[in-house]
Structure formats: C-alpha cells, structure tokens
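work.txt (compact mmCIF, C-alpha atoms)
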# COMPACT_ATOMS: atom_id res chain seq x y z
CA GLU A 1 4.03 -37.05 -27.71
CA ASP A 2 6.63 -36.12 -30.28
CA GLN A 3 7.81 -32.55 -29.79
CA VAL A 4 10.18 -30.05 -31.34
CA THR A 5 11.59 -27.20 -29.27
CA GLN A 6 13.68 -24.33 -30.59
CA SER A 7 15.84 -22.01 -28.53
CA PRO A 8 16.30 -19.21 -28.05
CA GLU A 9 13.00 -17.68 -29.17
CA ALA A 10 14.88 -14.57 -30.28
CA LEU A 11 18.56 -13.77 -30.77
CA ARG A 12 20.12 -10.43 -31.51
CA LEU A 13 23.70 -10.37 -32.83
CA GLN A 14 26.13 -7.79 -34.04
CA GLU A 15 27.45 -8.24 -37.56
CA GLY A 16 30.33 -10.69 -37.43
CA GLU A 17 29.32 -12.16 -34.06
CA SER A 18 29.01 -15.92 -34.52
CA SER A 19 26.41 -17.95 -32.62
CA SER A 20 24.23 -21.06 -32.73
CA LEU A 21 20.52 -21.84 -32.76
CA ASN A 22 19.21 -25.01 -31.15
CA CYS A 23 16.49 -27.46 -32.12
CA SER A 24 15.80 -30.31 -29.70
CA TYR A 25 13.29 -33.07 -30.22
CA THR A 26 11.69 -35.83 -28.19
CA VAL A 27 10.83 -38.70 -30.45
CA SER A 28 11.02 -42.46 -30.60
CA GLY A 29 12.70 -42.43 -33.99
CA LEU A 30 13.95 -39.71 -36.35
CA ARG A 31 13.56 -40.02 -40.09
CA GLY A 32 14.81 -36.54 -40.96
CA LEU A 33 15.37 -33.03 -39.62
CA PHE A 34 14.81 -29.95 -41.75
CA TRP A 35 15.90 -26.33 -41.39
CA TYR A 36 13.98 -23.52 -43.06
CA ARG A 37 14.46 -19.76 -43.26
CA GLN A 38 11.43 -17.47 -43.22
CA ASP A 39 11.58 -13.77 -44.08
CA PRO A 40 8.78 -11.43 -42.95
CA GLY A 41 5.70 -11.76 -45.13
CA LYS A 42 7.06 -14.76 -47.03
CA GLY A 43 6.82 -18.52 -46.93
CA PRO A 44 9.49 -20.78 -45.40
CA GLU A 45 12.49 -21.42 -47.64
CA PHE A 46 14.27 -24.76 -47.42
CA LEU A 47 17.87 -24.68 -46.18
CA PHE A 48 19.06 -28.13 -45.07
CA THR A 49 17.95 -31.63 -44.32
CA LEU A 50 19.84 -34.02 -42.01
CA TYR A 51 19.15 -37.72 -41.58
CA SER A 52 21.63 -39.30 -39.19
CA ALA A 53 23.57 -38.33 -36.07
CA GLY A 54 26.94 -36.85 -36.94
CA GLU A 55 25.80 -35.49 -40.27
CA GLU A 56 26.70 -31.89 -41.17
CA LYS A 57 25.62 -29.61 -44.01
CA GLU A 58 26.96 -26.16 -44.94
CA LYS A 59 25.72 -23.26 -47.01
CA GLU A 60 27.59 -19.96 -47.05
CA ARG A 61 27.71 -18.76 -43.42
CA LEU A 62 25.35 -21.47 -42.16
CA LYS A 63 26.25 -24.93 -40.89
CA ALA A 64 23.74 -27.46 -39.59
CA THR A 65 24.69 -30.39 -37.37
CA LEU A 66 22.70 -33.28 -35.93
CA THR A 67 22.98 -35.42 -32.81
CA LYS A 68 20.59 -38.06 -31.48
CA LYS A 69 18.50 -35.52 -29.59
CA GLU A 70 19.17 -32.11 -31.14
CA SER A 71 20.37 -30.07 -34.07
CA PHE A 72 22.35 -26.87 -34.17
CA LEU A 73 22.37 -24.19 -36.81
CA HIS A 74 25.70 -22.41 -36.55
CA ILE A 75 25.96 -18.95 -38.03
CA THR A 76 29.51 -17.77 -38.68
CA ALA A 77 30.24 -14.06 -39.06
CA PRO A 78 26.59 -13.18 -39.75
CA LYS A 79 25.53 -10.26 -41.90
CA PRO A 80 22.35 -8.16 -41.61
CA GLU A 81 20.86 -10.07 -44.56
CA ASP A 82 20.91 -13.21 -42.39
CA SER A 83 18.18 -11.66 -40.26
CA ALA A 84 15.11 -13.91 -40.47
CA THR A 85 13.15 -16.49 -38.53
CA TYR A 86 14.77 -19.92 -38.65
CA LEU A 87 12.41 -22.89 -38.41
CA CYS A 88 13.26 -26.46 -37.52
CA ALA A 89 11.02 -29.36 -38.52
CA VAL A 90 11.24 -33.07 -37.76
CA GLN A 91 9.94 -36.08 -39.60
CA PHE A 92 9.39 -38.98 -37.22
CA SER A 93 9.87 -42.54 -38.29
CA GLY A 94 6.85 -43.72 -36.31
CA GLY A 95 4.45 -41.62 -38.39
CA SER A 96 3.58 -41.26 -42.03
CA ASN A 97 6.44 -40.35 -44.30
CA TYR A 98 4.90 -37.03 -45.24
CA LYS A 99 4.24 -35.41 -41.86
CA LEU A 100 6.55 -32.72 -40.47
CA THR A 101 6.33 -31.31 -36.96
CA PHE A 102 7.62 -27.75 -36.74
CA GLY A 103 9.18 -25.87 -33.86
CA LYS A 104 8.07 -22.32 -33.13
CA GLY A 105 11.18 -20.79 -34.65
CA THR A 106 14.05 -18.51 -33.63
CA LEU A 107 13.88 -14.88 -34.70
CA LEU A 108 17.42 -13.80 -35.58
CA THR A 109 18.30 -10.13 -35.88
CA VAL A 110 21.78 -9.13 -37.06
CA ASN A 111 22.64 -5.50 -36.49
CA PRO A 112 25.19 -3.69 -38.69
CA ASN B 1 9.74 -21.74 -62.47
CA ALA B 2 6.78 -20.77 -60.24
CA GLY B 3 6.97 -23.62 -57.67
CA VAL B 4 4.02 -23.26 -55.30
CA THR B 5 1.54 -20.44 -55.98
CA GLN B 6 -1.18 -19.36 -53.57
CA THR B 7 -4.17 -17.15 -54.34
CA PRO B 8 -5.35 -14.80 -53.03
CA LYS B 9 -2.49 -13.16 -51.12
CA PHE B 10 -4.78 -11.21 -48.78
CA ARG B 11 -8.41 -11.46 -47.83
CA VAL B 12 -10.75 -9.94 -45.28
CA LEU B 13 -13.93 -11.81 -44.41
CA LYS B 14 -16.87 -11.17 -42.15
CA THR B 15 -17.86 -13.82 -39.64
CA GLY B 16 -19.99 -16.46 -41.33
CA GLN B 17 -18.76 -15.82 -44.86
CA SER B 18 -17.19 -18.58 -46.91
CA MET B 19 -14.15 -18.62 -49.14
CA THR B 20 -11.74 -20.91 -50.93
CA LEU B 21 -7.97 -20.64 -50.97
CA LEU B 22 -6.23 -22.04 -54.02
CA CYS B 23 -2.82 -23.67 -54.12
CA ALA B 24 -1.15 -24.67 -57.38
CA GLN B 25 2.20 -26.42 -57.83
CA ASP B 26 4.12 -27.05 -61.05
CA MET B 27 6.66 -29.58 -59.71
CA ASN B 28 4.50 -32.67 -60.29
CA HIS B 29 4.59 -33.43 -56.56
CA GLU B 30 2.37 -36.14 -55.13
CA TYR B 31 1.98 -34.66 -51.65
CA MET B 32 0.38 -31.34 -50.80
CA TYR B 33 -0.35 -29.67 -47.44
CA TRP B 34 -2.17 -26.78 -45.88
CA TYR B 35 -0.74 -25.14 -42.74
CA ARG B 36 -1.72 -22.20 -40.63
CA GLN B 37 0.79 -20.00 -38.84
CA ASP B 38 -0.12 -18.02 -35.77
CA PRO B 39 2.12 -15.94 -33.48
CA GLY B 40 3.69 -18.13 -30.82
CA MET B 41 2.18 -21.32 -32.28
CA GLY B 42 4.42 -22.21 -35.18
CA LEU B 43 3.21 -23.95 -38.31
CA ARG B 44 0.33 -26.36 -37.74
CA LEU B 45 -0.92 -28.85 -40.28
CA ILE B 46 -4.61 -28.45 -41.23
CA HIS B 47 -5.12 -31.03 -43.98
CA TYR B 48 -2.93 -32.85 -46.43
CA SER B 49 -3.14 -34.99 -49.55
CA VAL B 50 -0.97 -37.91 -50.62
CA GLY B 51 -2.21 -37.89 -54.20
CA GLU B 52 -4.93 -36.79 -56.60
CA GLY B 53 -8.37 -37.52 -55.20
CA THR B 54 -7.13 -38.12 -51.61
CA THR B 55 -7.29 -35.92 -48.53
CA ALA B 56 -6.67 -36.45 -44.84
CA LYS B 57 -6.94 -34.50 -41.58
CA GLY B 58 -3.94 -32.94 -39.94
CA GLU B 59 -3.47 -31.44 -36.50
CA VAL B 60 -6.12 -28.68 -36.64
CA PRO B 61 -8.76 -29.64 -39.26
CA ASP B 62 -11.95 -28.32 -37.62
CA GLY B 63 -13.74 -25.62 -39.63
CA TYR B 64 -11.89 -26.42 -42.86
CA ASN B 65 -12.47 -28.64 -45.86
CA VAL B 66 -10.16 -29.52 -48.72
CA SER B 67 -10.27 -31.02 -52.19
CA ARG B 68 -7.63 -32.34 -54.59
CA LEU B 69 -9.41 -32.94 -57.87
CA LYS B 70 -6.26 -32.37 -59.92
CA LYS B 71 -2.72 -33.36 -58.97
CA GLN B 72 -1.41 -29.82 -59.28
CA ASN B 73 -4.13 -28.11 -57.24
CA PHE B 74 -5.12 -28.26 -53.57
CA LEU B 75 -8.07 -26.18 -52.37
CA LEU B 76 -8.76 -25.12 -48.78
CA GLY B 77 -12.31 -24.08 -47.97
CA LEU B 78 -13.79 -22.19 -45.05
CA GLU B 79 -17.54 -22.79 -45.02
CA SER B 80 -18.42 -20.33 -42.23
CA ALA B 81 -15.48 -18.18 -41.23
CA ALA B 82 -14.83 -17.41 -37.57
CA PRO B 83 -12.48 -14.85 -35.99
CA SER B 84 -10.37 -17.76 -34.67
CA GLN B 85 -9.50 -18.53 -38.29
CA THR B 86 -7.65 -15.24 -38.68
CA SER B 87 -4.18 -16.43 -39.59
CA VAL B 88 -1.58 -16.78 -42.30
CA TYR B 89 -2.18 -19.88 -44.42
CA PHE B 90 0.62 -21.68 -46.22
CA CYS B 91 0.45 -24.36 -48.83
CA ALA B 92 3.34 -26.74 -49.41
CA SER B 93 4.14 -29.64 -51.69
CA SER B 94 6.67 -32.46 -51.64
CA GLN B 95 7.73 -35.60 -53.39
CA TRP B 96 8.88 -38.67 -51.51
CA ASP B 97 11.86 -40.44 -53.08
CA LEU B 98 15.27 -41.70 -51.99
CA VAL B 99 16.96 -38.47 -53.05
CA ALA B 100 14.49 -35.72 -52.19
CA LYS B 101 13.02 -37.55 -49.18
CA ASN B 102 10.19 -35.24 -48.10
CA ILE B 103 11.51 -31.72 -48.59
CA GLN B 104 8.43 -29.51 -48.49
CA TYR B 105 8.36 -26.40 -50.67
CA PHE B 106 6.13 -23.57 -49.54
CA GLY B 107 4.06 -20.89 -51.19
CA ALA B 108 4.16 -17.21 -50.19
CA GLY B 109 1.08 -17.46 -47.99
CA THR B 110 -2.44 -16.05 -47.75
CA ARG B 111 -3.13 -13.52 -45.02
CA LEU B 112 -6.71 -13.90 -43.86
CA SER B 113 -8.56 -11.68 -41.43
CA VAL B 114 -12.01 -12.61 -40.17
CA LEU B 115 -13.89 -9.72 -38.58

Encoding of this model in structure tokens:
Amino acid sequence: EDQVTQSPEALRLQEGESSSLNCSYTVSGLRGLFWYRQDPGKGPEFLFTLYSAGEEKEKERLKATLTKKESFLHITAPKPEDSATYLCAVQFSGGSNYKLTFGKGTLLTVNP
Amino acid sequence: NAGVTQTPKFRVLKTGQSMTLLCAQDMNHEYMYWYRQDPGMGLRLIHYSVGEGTTAKGEVPDGYNVSRLKKQNFLLGLESAAPSQTSVYFCASSQWDLVAKNIQYFGAGTRLSVL
C-alpha cells in the first residue's frame, strides 16, 4: 500500500535555529510531491510541488528537496511566524491523476 | 479573489440529524474534493468529483453523500449524523494541466460537532 510518513511529529526550535522536516514515501511510482502549511483553525496553504529526484524549490526561509524515496523541507533561520503544521502529500503515478495521499504532518513551533 | 469558500464555518448537530456542507470555488477548476481531518489521522479523502455531474468515493465515504450539480459547487451531505463524524471538514479544488499539475487549493474548513 502506498504510504506517506512525516517525521518528526513535532519540532520545537529557537528563533534562528535551522532544521529539516522529513517526508518519506513508499510507492511504486511518484507523479508529484506537495508541501503545504497549515495554521491553527485554517485550511492547508500550498507551498511547493516537486516532480523529479534532485529537484529543489525555495521560498523565503524554506527550501524543499526531493530524492527517490523522500523529501526534506529545510527551514533556515526560522522566525516565530514560521510556526505551523507542515503537511506533505504525494500523488502516485499508479493511481488517478487527482488523488493525493497526505502524511500526518509535523507541528513546528519556533520560540522567540 | 475568494478561491474556495466553505459554509458554514461551525456547526453542532445532534445524533441522527442531517445537514449539508457547501463548497464553492471561483477558479473554474474541474476537480473538487472533500476531506476530513482528525487528530493523529491526517487528511483523509471522503469523496471527490472530476467534473460537473460526476462523483466518486474516496478513502472514507461511509455515512456521506455528495453532489456536483454545478461546476463551481460541491455539496457534502450527512443524512444521519453520528458522533464519529465529529471532525473538521475541508473542501479543495484543482485543475489538471501541464503547468499546474494537480495543486489542490483548500477552503478554511467547517468544524462539525455531533453530540
């Protein structure tokens, strides 16, 4: 069965302390990997999409990378406003082109 | 630019009551989805639609029905609410093309409690 696993479940950082979130997947074929940010009481907000191993995308303090079996979301010098839950979702090539499978998310807290 | 709008934002039901959640999108997207989000479970797909007049079951469809009579609207119905349906419900829409692929855009959610 295709699965998406995010780690850690929760991460607490001090402002300025860089770190990475992980999203690993077990799948026969990957069509795309998506990162979302979710603030409390709100819907997921799209951040990045990656399609092939070696691809990287950046946005402000965030950088997403993709290998054949996992993706990392690197957070450089985070600020308290980066605190949120980060969701990873995968679109598998064996299924319909509209279905995403989500991980359970990583709750990031950045303390001032 | 509203994007994806969900109504209502909050609702409390008694067991056995029925209700309909409305999702409206103004991006002319073909695909629409209903998810539920529970603590420790992540987002799970309930039903989806690949175009006006079409619907299909997702991962957790039992106890729910959907309709897509107009391209911009996707309705989620609970015929006889149960406490297990207490959750946060999210609607999303997307458009498949070579540029946008299948980026799903989400609404703000409906928080439902079934007592």

- Query: Which residue gives the smallest distance to chain A among B:Gly40, B:Pro83, B:Gly77, B:Pro61, with only C-alpha atoms counted?
  - Reply: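 Among the listed residues, the smallest separation from chain A belongs to B:Gly40.
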
- Within 10 Å of Thr76 of chain A, counting only C-alpha atoms, which residues show up once you throw out same-chain ones fewer than 3 positions away? Write them as a list in words, please. Glu15, Gly16, Glu17, Ser18, Ser19, Ser20, Glu60, Arg61, Leu62, Lys63, Leu73 and Lys79 of chain A

- Identify which of the residues A:Ile75, A:Ala84, A:Leu100, A:Cys23 lies closest to Gln6 of chain A, counting all atoms listed in the file when measuring atom-to-atom distances.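 When distances to Gln6 of chain A are compared using all atoms listed in the file, the smallest one comes from A:Cys23.
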
- Within 8 Å of chain B: residues of chain A, using all atoms listed in the file, as JSON, numbers by chain: {"A": [34, 41, 42, 43, 44, 45, 46, 49, 97, 98, 101, 102, 103, 104, 105]}

If you keep C-alpha atoms, can you produce a file of those selected residues as an mmCIF file, keeping the file's coordinate frame?
data_model
loop_
_atom_site.group_PDB
_atom_site.id
_atom_site.type_symbol
_atom_site.label_atom_id
_atom_site.label_comp_id
_atom_site.auth_asym_id
_atom_site.auth_seq_id
_atom_site.Cartn_x
_atom_site.Cartn_y
_atom_site.Cartn_z
ATOM 1 C CA PHE A 34 14.810 -29.950 -41.750
ATOM 2 C CA GLY A 41 5.700 -11.760 -45.130
ATOM 3 C CA LYS A 42 7.060 -14.760 -47.030
ATOM 4 C CA GLY A 43 6.820 -18.520 -46.930
ATOM 5 C CA PRO A 44 9.490 -20.780 -45.400
ATOM 6 C CA GLU A 45 12.490 -21.420 -47.640
ATOM 7 C CA PHE A 46 14.270 -24.760 -47.420
ATOM 8 C CA THR A 49 17.950 -31.630 -44.320
ATOM 9 C CA ASN A 97 6.440 -40.350 -44.300
ATOM 10 C CA TYR A 98 4.900 -37.030 -45.240
ATOM 11 C CA THR A 101 6.330 -31.310 -36.960
ATOM 12 C CA PHE A 102 7.620 -27.750 -36.740
ATOM 13 C CA GLY A 103 9.180 -25.870 -33.860
ATOM 14 C CA LYS A 104 8.070 -22.320 -33.130
ATOM 15 C CA GLY A 105 11.180 -20.790 -34.650
#

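Across the structure, atom CA of Ser67 of chain B and atom CA of Thr55 of chain B are spaced 6.8 Å apart.
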
- Message: Residues proximal to (23.6, -8.7, -41.9) were defined as those with any atom within 10 Å of that point in the file's coordinates, counting only C-alpha atoms. Which are they, as a ChimeraX atom specification?
- Response: /A:13-16,77-83,109-112

- Task: Find the spatial neighbours of Leu21 of chain A, counting all atoms listed in the file, within a cut-off of 9 Å - ignore same-chain residues fewer than 6 positions away - and output them as a list in words.
- Result: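 Neighbouring residues, sequence-local ones excluded: Gln6, Ser7, Pro8, Leu11, Ser71, Phe72, Leu73, His74, Ile75, Tyr86 and Thr106 of chain A.
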
- Query: From the set A:Lys69, A:Arg12, A:Thr26, A:Leu33, which residue has the shortest atom-to-atom contact distance to Tyr51 of chain A, counting all atoms listed in the file?
  - Reply: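 The closest residue to Tyr51 of chain A is A:Leu33.
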
- Item | Surrounding residues of Ala2 of chain B excluding itself and chain neighbours under 6 positions, 9 Å, all atoms listed in the file, as JSON, numbers by chain | {"B": [25, 26, 27]}

All file atoms of segment 33-42 of chain B boxed axis-aligned, 6 Å per side, centre plus edges, as lines of an AutoDock Vina configuration file:
center_x = 1.1
center_y = -22.8
center_z = -39.1
size_x = 18.6
size_y = 25.7
size_z = 28.6

- Do you have the atom CA of Val4 of chain B-atom CA of Val4 of chain A distance handy?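 These two atoms are separated by 25.7 Å.
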
- Task: Would you mind telling me which residue in A:Leu87, A:Val27, A:Leu107, A:Phe92 lies nearest to Leu47 of chain A when using all atoms listed in the file?
- Result: A:Leu87

- Interatomic distance (Å, one decimal) between atom CA of Val60 of chain B and atom CA of Thr5 of chain A: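 These two atoms are separated by 19.2 Å.
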
Just the residues within 6 Å of Ser93 of chain A, please, counting only C-alpha atoms, with nothing from its chain fewer than 5 positions along; format it as a PDB file with C-alpha atoms, keeping the file's coordinate frame.
ATOM      1  CA  GLY A  29      12.700 -42.430 -33.990  1.00  0.00           C
ATOM      2  CA  LEU A  30      13.950 -39.710 -36.350  1.00  0.00           C
ATOM      3  CA  ARG A  31      13.560 -40.020 -40.090  1.00  0.00           C
TER       4      ARG A  31
END

- Ala64 of chain A proximity check over A:Phe48, A:Ala10, A:Ala89, A:Gly32, using all atoms listed in the file: winner is A:Phe48
